[in-house]
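Written out below as structure tokens is the structure these notes cover.
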Amino acid sequence: MVFKRRTKRSFLQRTLDVVYPRGGYLRAIWYVIYRLRRLPDQPHRIARGIACGVFVSFTPFFGFHFVIAGALAWIIGGNLVAAILATFVGNPVTFPLIMAVSVELGSRILHQPGGMPINHIVGAFGQASVELWENFRAIFTEHTAHWGSLIRFFDRVFYPYFIGGLGPGIVGGLVGYYLSLPLIEAYQRRRKKKLKERIEKLREQKARAAAEAAAAQAED
């Protein structure tokens with residue numbers, strides 16, 4: 001294959017690239033912006049997709065952000081690729097802030113104790129994932145499933161995270177939409193203008209070449 005890597009990356013290297021992209025987050029951000037600008041679709045559809053991706057980044061459905069963002073974009077007529085790319089708003093740099101704000105805000109809305117440290121939130125998600133897997137395995141083994149800690153996780157972390165993330169997610173999605181729409185429209189207009197100028201230049205070159213050829217024939 002033409003685009004296949006010469007040296008295959010290990011699982012550890014692929015994992016590190018997800019946590020910290022090669023070249024840094026700034027380069028990754030510019031790459032995402034570059035891809036969004038060049039999507040072959042109408043500006044309002046791309047902007048809708050961006051809004052979906054930003055909104056989903058504020059939800060606690062880790063591992064399903066791509067699927068949910070794509071589904072929302074399909075429902076409201078947005079660009080699916082733009083929605084998936086825009087989920088990059090949620091990354092290891094921004095997630096700590098998103099987690100802390102969402103859980104704190106959700107706890108206040110639900111009248112629950114707040115002030116949960118970020119390392120406790122991350123640890124709770126990791127432990128819940130392990131326990132959920134163990135309970136799934138218990139279906140096929142003789143082990144007993146235990147749901148008490150998962151219920152506490154849902155009540156104390158997941159549900160407040162979900163409720164608290166809705167408001168910031170909606171605001172972030174609207175900001176992403178109204179910021180990206182004029183930028184994409186301006187970029188596409190400029191790109192169409194350059195393409196038109198290039199076509200006109202080629203036509204002039206062809207016409208000039210045809211005139212020179214006709215003049216040469218007339219001299220002969």
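Ligands are numbered from 1 in the order shown, chains are lettered A, B, ... in the order of the structure tokens, and residues start at 1 in each chain.
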Check which residues of stretch 22-106 of chain A sit at most 6 Å from stretch 149-172 of chain A using only C-alpha atoms, and return one row each with the closest pair of atoms and their distance in Å to one decimal, ordered by chain and rising number, as a tab-separated table.
residue	atom	partner	partner_atom	distance
A:Phe55	CA	A:Gly169	CA	4.3
A:Phe58	CA	A:Gly169	CA	5.2
A:Thr59	CA	A:Phe162	CA	5.7
A:Ser102	CA	A:Gly164	CA	4.3
A:Val103	CA	A:Tyr161	CA	4.3
A:Leu105	CA	A:Gly164	CA	4.8
A:Gly106	CA	A:Gly164	CA	3.6
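Among the candidates A:Phe66, A:Phe61, A:Phe95, A:Tyr178, the residue lying nearest to A:Asn119 is A:Phe95 (atoms considered: only C-alpha atoms).
For A:Arg45, the non-local neighbours within 12 Å, defined as residues at least 6 positions apart in the same chain or in other chains and counting only C-alpha atoms, are Leu36, Leu39, Ala51, Cys52, Ala73, Trp74, Ile75, Ile76, Gly77, Gly78, Asn79, Leu80, Val81, Ala82, Ala83, Tyr177, Ser180, Leu181, Ile184 and Glu185 of chain A.
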Give me, as JSON, numbers by chain, all polymer residues having an atom no more than 12 Å from A:Gly63, counting only C-alpha atoms and skipping those fewer than 6 positions away in the same chain.
{"A": [56, 57, 69, 87, 90, 125, 129]}
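Atom CA of A:Arg203 is positioned 18.1 Å from atom CA of A:Ala215.
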Report as a PyMOL selection string all protein, DNA and RNA residues lying within 10 Å of A:Pro113, evaluated on only C-alpha atoms, omitting residues in the same chain fewer than 3 positions from it.
chain A and resi 104+107-108+110+116+156
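The coordinates place atom CA of A:Thr94 at 23.4 Å from atom CA of A:Leu183.
Distance check against A:Ala47 using only C-alpha atoms: of A:Glu142, A:Ile199, A:Tyr187, A:Gly176, the minimum falls on A:Gly176.
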